[in-house]
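Structure file my_file.cif (mmCIF, C-alpha atoms) is printed below.
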data_start
loop_
_atom_site.label_atom_id
_atom_site.label_comp_id
_atom_site.auth_asym_id
_atom_site.auth_seq_id
_atom_site.Cartn_x
_atom_site.Cartn_y
_atom_site.Cartn_z
CA MET A 1 0.00 0.00 0.00
CA TRP A 2 2.83 2.41 0.85
CA THR A 3 4.25 2.04 -2.67
CA PHE A 4 0.90 3.22 -4.07
CA TRP A 5 1.02 6.48 -2.09
CA ILE A 6 4.66 7.10 -2.96
CA GLU A 7 3.97 6.54 -6.67
CA PHE A 8 0.84 8.70 -6.43
CA ALA A 9 2.84 11.51 -4.82
CA LEU A 10 5.44 11.12 -7.57
CA LEU A 11 2.73 11.48 -10.24
CA LEU A 12 1.27 14.61 -8.61
CA THR A 13 4.73 16.11 -8.18
CA ALA A 14 5.54 15.51 -11.86
CA ILE A 15 2.28 17.20 -12.93
CA LEU A 16 2.78 20.20 -10.62
CA ILE A 17 6.42 20.74 -11.64
CA GLY A 18 5.54 20.30 -15.32
CA ILE A 19 2.73 22.85 -15.07
CA ARG A 20 5.02 25.30 -13.28
CA ARG A 21 7.66 24.97 -15.99
CA GLY A 22 5.08 25.11 -18.78
CA GLY A 23 5.21 24.02 -22.43
CA VAL A 24 6.93 20.75 -23.26
CA ALA A 25 8.26 20.45 -19.69
CA LEU A 26 5.14 18.50 -18.69
CA GLY A 27 6.04 15.82 -21.22
CA MET A 28 9.72 15.59 -20.32
CA ILE A 29 9.06 15.45 -16.58
CA GLY A 30 6.41 12.80 -17.22
CA GLY A 31 9.05 10.78 -19.08
CA LEU A 32 11.38 11.20 -16.10
CA GLY A 33 8.58 9.87 -13.89
CA VAL A 34 8.25 6.76 -16.08
CA ALA A 35 11.99 6.18 -15.77
CA VAL A 36 11.88 6.54 -11.97
CA MET A 37 8.92 4.14 -11.70
CA ALA A 38 10.65 1.62 -13.97
CA PHE A 39 14.15 1.70 -12.40
CA VAL A 40 13.37 2.53 -8.77
CA PHE A 41 9.97 0.88 -8.20
CA ARG A 42 10.53 -1.87 -10.82
CA VAL A 43 7.17 -1.10 -12.45
CA ALA A 44 6.67 -2.26 -16.03
CA PRO A 45 6.13 0.85 -18.23
CA ALA A 46 2.78 0.97 -20.00
CA GLU A 47 2.58 1.34 -23.77
CA PRO A 48 3.20 4.98 -24.79
CA PRO A 49 0.09 6.69 -26.23
CA ILE A 50 1.30 6.43 -29.83
CA THR A 51 -2.14 6.32 -31.51
CA VAL A 52 -3.34 9.42 -29.69
CA MET A 53 -0.15 11.29 -30.57
CA LEU A 54 -0.33 10.35 -34.25
CA ILE A 55 -3.96 11.46 -34.54
CA ILE A 56 -3.14 14.81 -32.95
CA LEU A 57 -0.14 15.20 -35.27
CA ALA A 58 -2.26 14.55 -38.37
CA VAL A 59 -5.13 16.85 -37.37
CA VAL A 60 -2.88 19.66 -36.16
CA THR A 61 -0.82 19.55 -39.35
CA ALA A 62 -3.97 19.93 -41.47
CA SER A 63 -5.26 22.76 -39.22
CA ALA A 64 -1.92 24.58 -39.34
CA THR A 65 -1.89 24.33 -43.14
CA LEU A 66 -5.39 25.81 -43.19
CA GLN A 67 -4.18 28.71 -41.03
CA VAL A 68 -1.23 29.46 -43.32
CA ALA A 69 -3.53 29.26 -46.37
CA GLY A 70 -5.71 32.03 -44.91
CA GLY A 71 -8.67 29.79 -44.15
CA LEU A 72 -8.69 30.63 -40.46
CA ASP A 73 -8.73 34.37 -41.23
CA PHE A 74 -11.67 33.79 -43.57
CA LEU A 75 -13.68 32.12 -40.81
CA VAL A 76 -12.80 34.90 -38.36
CA GLN A 77 -14.03 37.53 -40.83
CA GLN A 78 -17.34 35.74 -41.26
CA ALA A 79 -17.81 35.69 -37.49
CA GLU A 80 -16.99 39.41 -37.27
CA ARG A 81 -19.53 40.26 -39.98
CA LEU A 82 -22.21 38.42 -38.04
CA MET A 83 -21.42 40.21 -34.77
CA ARG A 84 -21.27 43.66 -36.37
CA ARG A 85 -24.58 43.00 -38.12
CA HIS A 86 -26.28 42.29 -34.77
CA PRO A 87 -24.21 44.18 -32.16
CA GLN A 88 -26.93 44.22 -29.48
CA GLN A 89 -26.77 40.42 -29.35
CA ILE A 90 -23.00 40.33 -28.79
CA THR A 91 -23.25 38.50 -25.44
CA PHE A 92 -24.81 35.53 -27.26
CA LEU A 93 -23.16 35.85 -30.68
CA ALA A 94 -19.58 36.16 -29.38
CA PRO A 95 -19.50 32.84 -27.47
CA LEU A 96 -21.52 31.05 -30.15
CA SER A 97 -19.04 32.31 -32.77
CA THR A 98 -15.98 31.17 -30.81
CA PHE A 99 -17.62 27.82 -29.97
CA LEU A 100 -18.43 27.16 -33.64
CA LEU A 101 -15.02 28.39 -34.81
CA THR A 102 -13.30 25.93 -32.48
CA MET A 103 -15.73 23.22 -33.54
CA CYS A 104 -14.78 23.83 -37.19
CA VAL A 105 -10.99 23.96 -36.89
CA GLY A 106 -10.37 21.82 -33.80
CA THR A 107 -8.40 24.32 -31.74
CA GLY A 108 -9.40 27.03 -29.29
CA HIS A 109 -6.42 29.15 -30.34
CA ALA A 110 -8.54 30.53 -33.18
CA VAL A 111 -10.19 32.81 -30.61
CA TYR A 112 -7.31 35.29 -30.40
CA SER A 113 -8.21 37.07 -33.64
CA LEU A 114 -11.81 37.52 -32.53
CA LEU A 115 -11.24 38.86 -29.03
CA PRO A 116 -10.26 42.43 -30.05
CA VAL A 117 -13.29 42.53 -32.37
CA ILE A 118 -15.64 41.39 -29.57
CA ALA A 119 -14.27 44.11 -27.28
CA ASP A 120 -14.69 46.72 -30.04
CA VAL A 121 -18.28 45.76 -30.84
CA SER A 122 -19.15 45.77 -27.12
CA LEU A 123 -17.72 49.24 -26.54
CA LYS A 124 -19.44 50.63 -29.64
CA THR A 125 -22.81 49.41 -28.35
CA LYS A 126 -22.12 50.42 -24.69
CA ILE A 127 -22.33 46.78 -23.52
CA ARG A 128 -20.02 45.82 -20.67
CA PRO A 129 -17.20 43.95 -22.51
CA GLU A 130 -16.69 41.52 -19.65
CA ARG A 131 -19.99 39.84 -20.53
CA PRO A 132 -19.13 38.61 -24.04
CA MET A 133 -15.33 38.55 -23.57
CA ALA A 134 -15.27 36.09 -20.66
CA MET A 135 -17.91 33.93 -22.31
CA ALA A 136 -16.08 33.98 -25.65
CA SER A 137 -12.90 32.62 -24.04
CA VAL A 138 -14.78 29.92 -22.11
CA ALA A 139 -16.88 28.93 -25.14
CA SER A 140 -13.80 28.65 -27.37
CA GLN A 141 -12.51 25.88 -25.09
CA MET A 142 -15.91 24.23 -24.63
CA GLY A 143 -16.05 23.81 -28.41
CA ILE A 144 -13.12 21.39 -28.32
CA THR A 145 -15.21 18.43 -27.14
CA ALA A 146 -17.68 19.15 -29.96
CA SER A 147 -15.11 19.19 -32.78
CA PRO A 148 -14.37 16.12 -34.93
CA ALA A 149 -10.98 17.71 -35.65
CA ALA A 150 -10.03 18.30 -31.99
CA ALA A 151 -7.41 16.29 -30.16
CA ALA A 152 -9.77 15.62 -27.23
CA VAL A 153 -12.40 13.95 -29.41
CA THR A 154 -9.91 11.82 -31.33
CA THR A 155 -8.24 10.93 -28.02
CA LEU A 156 -11.50 9.53 -26.61
CA LEU A 157 -12.06 7.73 -29.92
CA ALA A 158 -8.62 6.12 -29.76
CA LEU A 159 -8.69 5.20 -26.06
CA THR A 160 -12.05 3.44 -26.29
CA ALA A 161 -11.14 1.65 -29.54
CA LYS A 162 -9.71 -1.35 -27.69
CA SER A 163 -12.56 -1.60 -25.18
CA GLY A 164 -15.53 -3.92 -25.45
CA GLN A 165 -17.78 -1.00 -26.45
CA PRO A 166 -15.67 1.27 -28.68
CA LEU A 167 -17.23 4.65 -29.35
CA ALA A 168 -17.84 5.80 -32.91
CA LEU A 169 -17.16 9.40 -33.89
CA TRP A 170 -20.83 10.09 -34.60
CA GLN A 171 -21.78 8.79 -31.14
CA ILE A 172 -19.44 11.30 -29.51
CA LEU A 173 -20.62 14.24 -31.61
CA ILE A 174 -24.36 13.70 -31.22
CA VAL A 175 -23.80 14.08 -27.48
CA THR A 176 -21.09 16.73 -27.23
CA ILE A 177 -22.34 19.20 -29.87
CA PRO A 178 -25.84 19.78 -28.41
CA ALA A 179 -24.55 19.50 -24.83
CA GLY A 180 -21.87 22.11 -25.52
CA LEU A 181 -24.32 24.49 -27.17
CA ILE A 182 -26.77 24.15 -24.27
CA GLY A 183 -23.98 24.93 -21.79
CA VAL A 184 -22.79 27.96 -23.78
CA LEU A 185 -26.30 29.39 -24.07
CA ALA A 186 -26.98 28.87 -20.34
CA ALA A 187 -23.78 30.68 -19.35
CA ALA A 188 -24.38 33.46 -21.90
CA PHE A 189 -27.89 33.98 -20.53
CA TRP A 190 -26.44 34.34 -17.02
CA SER A 191 -23.86 36.83 -18.37
CA LEU A 192 -26.50 39.20 -19.78
CA ARG A 193 -26.79 41.16 -16.53
CA ARG A 194 -23.43 40.55 -14.89
CA GLY A 195 -21.59 43.63 -13.60
CA ALA A 196 -22.66 47.26 -13.78
CA GLU A 197 -23.53 48.96 -17.03
CA LEU A 198 -20.59 51.03 -18.30
CA ASP A 199 -22.31 54.34 -17.63
CA GLN A 200 -22.97 53.22 -14.03
CA ASP A 201 -19.55 51.70 -13.33
CA PRO A 202 -17.64 54.21 -11.14
CA GLU A 203 -14.27 52.60 -11.81
CA TYR A 204 -14.76 52.74 -15.59
CA GLN A 205 -16.08 56.29 -15.46
CA ALA A 206 -13.06 57.38 -13.42
CA ARG A 207 -10.70 55.86 -15.98
CA LEU A 208 -12.46 57.77 -18.76
CA LEU A 209 -11.08 60.99 -17.27
CA ASP A 210 -7.65 59.92 -18.54
CA PRO A 211 -7.30 61.24 -22.14
CA ASP A 212 -5.03 58.34 -23.16
CA PHE A 213 -7.53 55.79 -21.86
CA ARG A 214 -10.41 57.52 -23.64
CA ALA A 215 -8.41 57.57 -26.89
CA SER A 216 -7.72 53.81 -26.61
CA ILE A 217 -11.43 53.16 -26.09
CA GLU A 218 -12.46 55.19 -29.12
CA LYS A 219 -10.14 53.57 -31.67
CA SER A 220 -11.63 50.86 -33.88
CA VAL A 221 -10.37 47.28 -34.32
CA THR A 222 -11.39 45.04 -37.20
CA THR A 223 -10.22 42.08 -39.28
CA LEU A 224 -12.38 43.05 -42.25
CA ASP A 225 -9.70 45.32 -43.73
CA LYS A 226 -7.33 42.37 -44.11
CA THR A 227 -7.03 41.17 -47.72
CA LEU A 228 -7.20 37.39 -47.92
CA PRO A 229 -5.61 35.27 -50.65
CA ALA A 230 -7.91 33.88 -53.32
CA HIS A 231 -7.34 30.35 -52.08
CA ALA A 232 -8.55 31.06 -48.51
CA LYS A 233 -12.16 30.07 -49.15
CA PRO A 234 -11.33 26.91 -51.20
CA ALA A 235 -8.91 25.91 -48.41
CA VAL A 236 -11.78 26.05 -45.91
CA VAL A 237 -13.91 23.92 -48.25
CA LEU A 238 -11.12 21.34 -48.50
CA PHE A 239 -10.60 21.22 -44.73
CA PHE A 240 -14.29 20.73 -44.06
CA SER A 241 -14.39 18.08 -46.80
CA GLY A 242 -11.74 16.16 -44.88
CA ILE A 243 -13.73 16.39 -41.66
CA LEU A 244 -16.90 15.34 -43.52
CA LEU A 245 -15.12 12.30 -44.95
CA VAL A 246 -13.96 11.29 -41.46
CA VAL A 247 -17.55 11.56 -40.20
CA LEU A 248 -18.89 9.56 -43.16
CA LEU A 249 -16.31 6.81 -42.64
CA ALA A 250 -17.40 6.64 -39.00
CA LEU A 251 -21.05 6.37 -40.06
CA PHE A 252 -20.38 3.84 -42.86
CA PRO A 253 -17.43 1.68 -41.73
CA HIS A 254 -17.86 -0.62 -44.75
CA TRP A 255 -16.33 2.23 -46.80
CA LEU A 256 -13.04 1.82 -44.96
CA PRO A 257 -10.16 0.16 -46.83
CA LEU A 258 -9.16 -3.33 -45.73
CA ASP A 259 -6.03 -4.35 -43.88
CA GLY A 260 -3.90 -7.39 -44.71
CA LYS A 261 -6.36 -9.69 -42.90
CA GLY A 262 -9.39 -8.55 -44.88
CA LYS A 263 -10.80 -6.44 -42.04
CA PRO A 264 -11.52 -2.67 -42.20
CA VAL A 265 -8.62 -0.58 -40.96
CA PRO A 266 -9.26 0.99 -37.54
CA MET A 267 -11.06 4.33 -37.57
CA THR A 268 -8.16 5.80 -35.62
CA THR A 269 -5.85 5.00 -38.53
CA ALA A 270 -8.31 6.38 -41.08
CA VAL A 271 -8.45 9.74 -39.27
CA GLN A 272 -4.67 10.01 -39.61
CA PHE A 273 -4.31 9.42 -43.34
CA VAL A 274 -7.48 11.33 -44.28
CA MET A 275 -6.47 14.50 -42.41
CA LEU A 276 -2.88 14.32 -43.68
CA ALA A 277 -4.22 13.87 -47.22
CA PHE A 278 -6.50 16.90 -47.03
CA GLY A 279 -3.68 18.87 -45.45
CA ALA A 280 -1.65 18.01 -48.55
CA PHE A 281 -4.52 19.14 -50.80
CA ILE A 282 -4.58 22.52 -49.01
CA LEU A 283 -0.78 22.69 -49.33
CA PHE A 284 -0.94 22.16 -53.11
CA LEU A 285 -3.82 24.61 -53.48
CA SER A 286 -2.17 27.44 -51.55
CA ASN A 287 1.45 26.62 -52.37
CA ALA A 288 2.18 27.24 -48.68
CA LYS A 289 5.77 26.86 -47.55
CA ALA A 290 6.38 23.90 -45.24
CA ALA A 291 8.65 25.98 -42.98
CA VAL A 292 5.88 28.56 -42.46
CA ILE A 293 3.42 25.82 -41.51
CA ALA A 294 5.88 24.47 -38.93
CA ARG A 295 6.21 27.95 -37.40
CA SER A 296 2.47 28.67 -37.28
CA GLU A 297 0.68 29.26 -33.99
CA VAL A 298 -1.63 26.27 -34.43
CA PHE A 299 1.24 23.88 -35.24
CA THR A 300 3.36 25.07 -32.29
CA ALA A 301 0.46 24.68 -29.85
CA GLY A 302 -0.30 21.23 -31.26
CA MET A 303 3.28 19.99 -30.93
CA ILE A 304 3.41 21.19 -27.32
CA ALA A 305 0.24 19.17 -26.69
CA VAL A 306 1.78 16.07 -28.29
CA VAL A 307 4.92 16.21 -26.12
CA SER A 308 2.87 16.90 -22.99
CA ILE A 309 0.59 13.95 -23.67
CA PHE A 310 3.55 11.72 -24.54
CA GLY A 311 5.20 12.06 -21.14
CA ILE A 312 2.53 12.75 -18.56
CA ALA A 313 -0.10 10.42 -20.05
CA TRP A 314 2.50 7.64 -20.33
CA MET A 315 3.41 8.12 -16.66
CA SER A 316 -0.24 8.21 -15.61
CA ASP A 317 -1.07 5.03 -17.53
CA THR A 318 1.97 3.30 -16.02
CA PHE A 319 0.79 4.29 -12.54
CA VAL A 320 -2.80 3.11 -13.16
CA LYS A 321 -1.73 -0.26 -14.58
CA ALA A 322 0.74 -0.87 -11.74
CA ASN A 323 -1.89 -0.10 -9.09
CA GLU A 324 -5.04 -1.25 -10.87
CA ALA A 325 -6.04 -3.82 -8.25
CA PHE A 326 -5.66 -1.34 -5.38
CA LEU A 327 -7.60 1.38 -7.21
CA VAL A 328 -10.43 -0.92 -8.23
CA ASP A 329 -10.81 -2.38 -4.73
CA ASN A 330 -10.99 1.03 -3.05
CA ILE A 331 -12.82 3.26 -5.54
CA LYS A 332 -14.87 1.00 -7.79
CA VAL A 333 -17.87 0.74 -5.44
CA MET A 334 -18.29 4.52 -5.24
CA VAL A 335 -17.87 5.05 -9.00
CA ALA A 336 -20.17 2.13 -9.84
CA TYR A 337 -22.85 3.52 -7.52
CA ALA A 338 -22.57 7.10 -8.83
CA PRO A 339 -20.57 7.31 -12.10
CA TRP A 340 -21.06 11.08 -12.17
CA THR A 341 -18.60 11.41 -9.27
CA PHE A 342 -15.83 10.56 -11.73
CA ALA A 343 -16.64 13.87 -13.47
CA LEU A 344 -15.46 15.72 -10.35
CA ALA A 345 -12.12 13.93 -10.51
CA MET A 346 -11.79 14.72 -14.22
CA PHE A 347 -12.62 18.37 -13.57
CA ALA A 348 -9.97 18.59 -10.84
CA VAL A 349 -7.28 17.05 -13.06
CA SER A 350 -8.11 19.42 -15.92
CA ALA A 351 -7.80 22.47 -13.67
CA PHE A 352 -4.11 21.67 -13.32
CA VAL A 353 -3.24 19.88 -16.58
CA LYS A 354 -4.78 22.64 -18.77
CA SER A 355 -5.41 20.36 -21.74
CA GLN A 356 -8.59 18.45 -22.45
CA ALA A 357 -6.78 15.86 -24.57
CA ALA A 358 -4.18 15.31 -21.83
CA THR A 359 -6.91 15.11 -19.18
CA LEU A 360 -8.77 12.44 -21.16
CA THR A 361 -5.53 10.57 -21.85
CA ILE A 362 -4.88 10.44 -18.11
CA MET A 363 -8.42 9.76 -16.90
CA VAL A 364 -10.07 7.51 -19.51
CA PRO A 365 -7.79 4.48 -18.88
CA PHE A 366 -8.35 5.08 -15.16
CA GLY A 367 -12.12 5.15 -15.66
CA LEU A 368 -12.08 1.99 -17.78
CA ALA A 369 -9.99 0.26 -15.09
CA LEU A 370 -12.64 1.21 -12.52
CA GLY A 371 -15.31 -0.47 -14.63
CA LEU A 372 -16.89 2.58 -16.27
CA THR A 373 -18.14 1.94 -19.78
CA PRO A 374 -17.12 4.17 -22.72
CA HIS A 375 -20.69 5.50 -22.81
CA GLN A 376 -20.49 6.49 -19.15
CA LEU A 377 -17.22 8.31 -19.85
CA LEU A 378 -18.84 10.05 -22.84
CA ALA A 379 -21.65 11.20 -20.53
CA ILE A 380 -19.20 13.19 -18.40
CA MET A 381 -16.82 14.23 -21.20
CA PRO A 382 -17.52 18.01 -20.93
CA SER A 383 -16.08 17.97 -17.41
CA CYS A 384 -12.58 17.56 -18.90
CA TYR A 385 -12.46 21.36 -19.29
CA ALA A 386 -11.63 23.18 -16.04
CA TYR A 387 -8.54 25.25 -16.77
CA PHE A 388 -10.63 28.41 -16.58
CA PHE A 389 -10.61 27.82 -12.82
CA PHE A 390 -7.33 29.62 -12.21
CA ALA A 391 -7.63 31.90 -15.27
CA PHE A 392 -4.00 31.42 -16.34
CA TYR A 393 -4.80 29.86 -19.72
CA PRO A 394 -3.60 31.89 -22.76
CA SER A 395 -7.11 32.59 -24.09
CA ASP A 396 -8.22 33.92 -20.68
CA LEU A 397 -5.15 36.11 -20.35
CA ALA A 398 -5.66 37.33 -23.92
CA ALA A 399 -9.26 38.28 -23.13
CA ILE A 400 -8.08 40.28 -20.11
CA ASN A 401 -5.40 42.08 -22.12
CA MET A 402 -7.60 42.77 -25.14
CA ASP A 403 -10.50 44.21 -23.17
CA ARG A 404 -9.56 47.90 -23.37
CA SER A 405 -12.26 48.80 -20.83
CA GLY A 406 -10.56 46.77 -18.08
CA THR A 407 -13.81 45.07 -17.05
CA THR A 408 -12.51 41.56 -17.85
CA ARG A 409 -10.04 40.84 -15.06
CA ILE A 410 -8.66 38.67 -12.28
CA GLY A 411 -9.93 39.85 -8.90
CA LYS A 412 -8.06 40.60 -5.72
CA TYR A 413 -8.57 37.08 -4.36
CA LEU A 414 -7.33 35.24 -7.50
CA LEU A 415 -10.39 33.01 -7.91
CA ASN A 416 -12.93 35.86 -8.16
CA HIS A 417 -12.15 36.45 -11.82
CA SER A 418 -14.36 37.09 -14.84
CA PHE A 419 -14.26 33.50 -16.12
CA MET A 420 -15.24 31.61 -12.97
CA MET A 421 -19.04 31.76 -13.10
CA PRO A 422 -19.38 31.44 -16.91
CA GLY A 423 -17.02 28.47 -16.78
CA LEU A 424 -18.78 26.72 -13.89
CA ILE A 425 -22.22 27.28 -15.44
CA GLY A 426 -21.15 26.34 -18.96
CA VAL A 427 -19.26 23.17 -17.98
CA GLY A 428 -21.81 22.17 -15.33
CA VAL A 429 -24.83 22.53 -17.61
CA SER A 430 -23.12 20.89 -20.59
CA THR A 431 -22.03 17.92 -18.42
CA VAL A 432 -25.58 17.44 -17.14
CA ALA A 433 -26.90 17.75 -20.71
CA ALA A 434 -24.35 15.19 -21.96
CA TYR A 435 -25.31 12.83 -19.13
CA VAL A 436 -29.01 13.08 -20.06
CA LEU A 437 -28.38 12.80 -23.82
CA THR A 438 -26.14 9.74 -23.43
CA HIS A 439 -28.76 7.94 -21.37
CA PHE A 440 -31.42 8.94 -23.91
CA TYR A 441 -29.44 7.78 -26.96
CA PHE A 442 -27.78 4.66 -25.56
#
Same coordinates, now as structure tokens:
Amino acid sequence: MWTFWIEFALLLTAILIGIRRGGVALGMIGGLGVAVMAFVFRVAPAEPPITVMLIILAVVTASATLQVAGGLDFLVQQAERLMRRHPQQITFLAPLSTFLLTMCVGTGHAVYSLLPVIADVSLKTKIRPERPMAMASVASQMGITASPAAAAVTTLLALTAKSGQPLALWQILIVTIPAGLIGVLAAAFWSLRRGAELDQDPEYQARLLDPDFRASIEKSVTTLDKTLPAHAKPAVVLFFSGILLVVLLALFPHWLPLDGKGKPVPMTTAVQFVMLAFGAFILFLSNAKAAVIARSEVFTAGMIAVVSIFGIAWMSDTFVKANEAFLVDNIKVMVAYAPWTFALAMFAVSAFVKSQAATLTIMVPFGLALGLTPHQLLAIMPSCYAYFFFAFYPSDLAAINMDRSGTTRIGKYLLNHSFMMPGLIGVGVSTVAAYVLTHFYF
């Protein structure tokens, strides 16, 4: 028993140090943890999460090529046109736009281009920017579990592939898309009246007395003046065609090519070659330079996620497999009686790991070891997003910095920040909705 607690403390220490260091450090320190468990505790290392990493690599490469081709800018401009056409509805339109943008391209990093526009539209219509800005950041991350191109979705697909009840892509999406939208709308509705109106906010009114501050508020920000290349729109069509083909292959598995034994290739393999192929189509169409793709924001973020998952998920899986009997004996009864309690554990892990794909890579094998079915894990999937809790995630910090009014902020007590309530409401409602929808469908 004492070895369990020592190994558990080692796992937590690796996660905390990796988070403190940031970036790829989480992966390297996780790899160090595997080495310590193997050499010191004589634990057999689990299989590294190769399939998950390869899927993320393929999808991220296609998404990064789309970004370099101008496709991401095209989608951002369409979202801006919608918000400027209906500015009074910005508190709903902003989070819906960022949710759908993430759902389309598979990464929440697409939100950065929209945040200055959301702040500008809010100020022009005298709506407190905190309302749509905080929601837009939260919704951009909630959209990850609803995207067929996101690492979190393909991670769940890959991890359940070897179970007795493997999930199909369409099964995940028919739960996570409506559940995510319900959660976003609930949190946006709550945000409608949060905080004082700008003309009644004494702090904001006092800052308006500063001429420099007033000048910064009055300047306009837009993406509509950016000229896009002619291939931007066709690149978007190609990217969505790739996603559509993946969905169709999931719906009609008899379309899949056969392996050497006459059986359809795994869906996890099909996702890899389909997304790489459509990334190549976008590359040929736009004549994008490979070096530029490798330096793009989407590609860099994706590679950091791959390294992080490689190390820390490998260490976590090694720990779970080495202590499976102990964990099952002590926790299985509680989880079997109330599977929803596992959502609380997933939420807590995500608050520190700050990656939904990494959270699922850590927690799904643990859940399966405890006897949860893939459908029960799908029912609580939205709870894998909790890194709004400490408001240190890049999209949250970007929302704070890009809100020229200063209403989007981190409070004096650290946890009383602009993202806390929208995040808790959005994730809570979407998890309940996913739980209900899963039981209804399956």
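Residue nearest A:Phe310 within the list A:Met346, A:Ile243, A:Val24, A:Leu167: A:Val24 [criterion: smallest interatomic distance, all atoms listed in the file].
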Fewer than 6 positions away in the same chain doesn't count, so skip those; otherwise give me all residues within 12 Å of A:Val40, counting all atoms listed in the file, as an MDAnalysis selection string. chainID A and resid 3 6:7 10 32:34
Could you tell me, as a compact mmCIF listing (two decimals) with C-alpha atoms, in the coordinates of the input, exactly which residues end up selected when the PyMOL selection byres ((chain A and resi 131) around 9) is applied to this structure?
# COMPACT_ATOMS: atom_id res chain seq x y z
CA ILE A 90 -23.00 40.33 -28.79
CA THR A 91 -23.25 38.50 -25.44
CA SER A 122 -19.15 45.77 -27.12
CA ILE A 127 -22.33 46.78 -23.52
CA ARG A 128 -20.02 45.82 -20.67
CA PRO A 129 -17.20 43.95 -22.51
CA GLU A 130 -16.69 41.52 -19.65
CA PRO A 132 -19.13 38.61 -24.04
CA MET A 133 -15.33 38.55 -23.57
CA ALA A 134 -15.27 36.09 -20.66
CA MET A 135 -17.91 33.93 -22.31
CA ALA A 136 -16.08 33.98 -25.65
CA ALA A 188 -24.38 33.46 -21.90
CA SER A 191 -23.86 36.83 -18.37
CA LEU A 192 -26.50 39.20 -19.78
CA ARG A 193 -26.79 41.16 -16.53
CA ARG A 194 -23.43 40.55 -14.89
CA GLY A 195 -21.59 43.63 -13.60
CA THR A 407 -13.81 45.07 -17.05
CA THR A 408 -12.51 41.56 -17.85
CA SER A 418 -14.36 37.09 -14.84
Between A:Leu372, A:Leu173, A:Ala168, A:Ala146, which has the minimum distance to A:Phe252 (counting only C-alpha atoms)? A:Ala168
Hits of the PyMOL selection byres ((chain A and resi 388-402) around 7) in this structure, as a ChimeraX atom specification: /A:112,115-116,133-134,137,351,386-387,403-404,408-409,415,419-420,423
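Comparing the minimum interatomic distances between A:Ser216 and each of A:Arg20, A:Asp120, A:Thr65, A:Val349, counting only C-alpha atoms, we find that A:Asp120 sits nearest.
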Please identify all polymer residues within 12 Å of A:Met303, counting only C-alpha atoms, omitting same-chain residues fewer than 4 positions from it, and present them as a short mmCIF file (atom, residue, chain, number, x, y, z; two decimals) with C-alpha atoms, in the coordinates of the input.
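Listed below is the output, part02.cif:
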data_model
loop_
_atom_site.label_atom_id
_atom_site.label_comp_id
_atom_site.auth_asym_id
_atom_site.auth_seq_id
_atom_site.Cartn_x
_atom_site.Cartn_y
_atom_site.Cartn_z
CA GLY A 23 5.21 24.02 -22.43
CA VAL A 24 6.93 20.75 -23.26
CA GLY A 27 6.04 15.82 -21.22
CA MET A 53 -0.15 11.29 -30.57
CA LEU A 54 -0.33 10.35 -34.25
CA ILE A 55 -3.96 11.46 -34.54
CA ILE A 56 -3.14 14.81 -32.95
CA LEU A 57 -0.14 15.20 -35.27
CA ALA A 58 -2.26 14.55 -38.37
CA VAL A 59 -5.13 16.85 -37.37
CA VAL A 60 -2.88 19.66 -36.16
CA THR A 61 -0.82 19.55 -39.35
CA ALA A 64 -1.92 24.58 -39.34
CA ALA A 151 -7.41 16.29 -30.16
CA ALA A 294 5.88 24.47 -38.93
CA ARG A 295 6.21 27.95 -37.40
CA SER A 296 2.47 28.67 -37.28
CA GLU A 297 0.68 29.26 -33.99
CA VAL A 298 -1.63 26.27 -34.43
CA PHE A 299 1.24 23.88 -35.24
CA VAL A 307 4.92 16.21 -26.12
CA SER A 308 2.87 16.90 -22.99
CA ILE A 309 0.59 13.95 -23.67
CA PHE A 310 3.55 11.72 -24.54
#
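The two atoms in question, atom CA of A:Phe74 and atom CA of A:Leu228, are spaced 7.2 Å apart.
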